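To keep things clear, I will list the structure first and then write my remarks on it.
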Amino acid sequence: MARLKVGRSAVYDLLRSRQLASITIGRARRIPAHVPADFIHTRLDQEAAA
C-alpha cells in the first residue's frame, strides 16, 4: 500500500486480478519487494505505448 500509494482495497483488487504477484505462506499473503516496482514499470510502459 505504502509503495504504490493506494488503499488496501485497491491492493486486494490488484492481487485478485493478478496484476500484482504474491505468494501465500500459511494464511498470510506476501508481496515480494521487487513486485511493486515491476508493476509500476509495466504500467508506465503500457501508458507510453498507448
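Ordering of the C-alpha cells sets the chain letters (A, B, ...); residue numbers start at 1 within each chain; ligands are numbered from 1 in the order shown.
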
Quick one: pick out all alpha helix (DSSP H) residues within range 11-43 of chain A from a backbone DSSP run and write them as an MDAnalysis selection string.
chainID A and resid 11:16 35:43

Shell of 12 Å around range 9-14 of chain A, only C-alpha atoms, local chain residues under 4 positions omitted, as a PyMOL selection string
chain A and resi 1-5+18-22+29-31+35-36+39

Mind checking DSSP for chain A and telling me the strand (DSSP E or B) residues as a ChimeraX atom specification?
/A:23-25,28-30

Write the residues you've just listed into a file as a PDB file, in the first residue's frame, and include C-alpha atoms for each of them.
ATOM      1  CA  ILE A  23       2.884 -15.730  -2.562  1.00  0.00           C
ATOM      2  CA  THR A  24       0.974 -17.348   0.257  1.00  0.00           C
ATOM      3  CA  ILE A  25       2.783 -18.501   3.374  1.00  0.00           C
ATOM      4  CA  ALA A  28      -0.589 -14.793   5.056  1.00  0.00           C
ATOM      5  CA  ARG A  29      -0.234 -13.313   1.576  1.00  0.00           C
ATOM      6  CA  ARG A  30       3.152 -11.727   0.889  1.00  0.00           C
TER       7      ARG A  30
END

Tell me, in Å to one decimal, how far CA of Val6 in chain A is from CA of Gly26 in chain A.
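It comes out at 25.2 Å.
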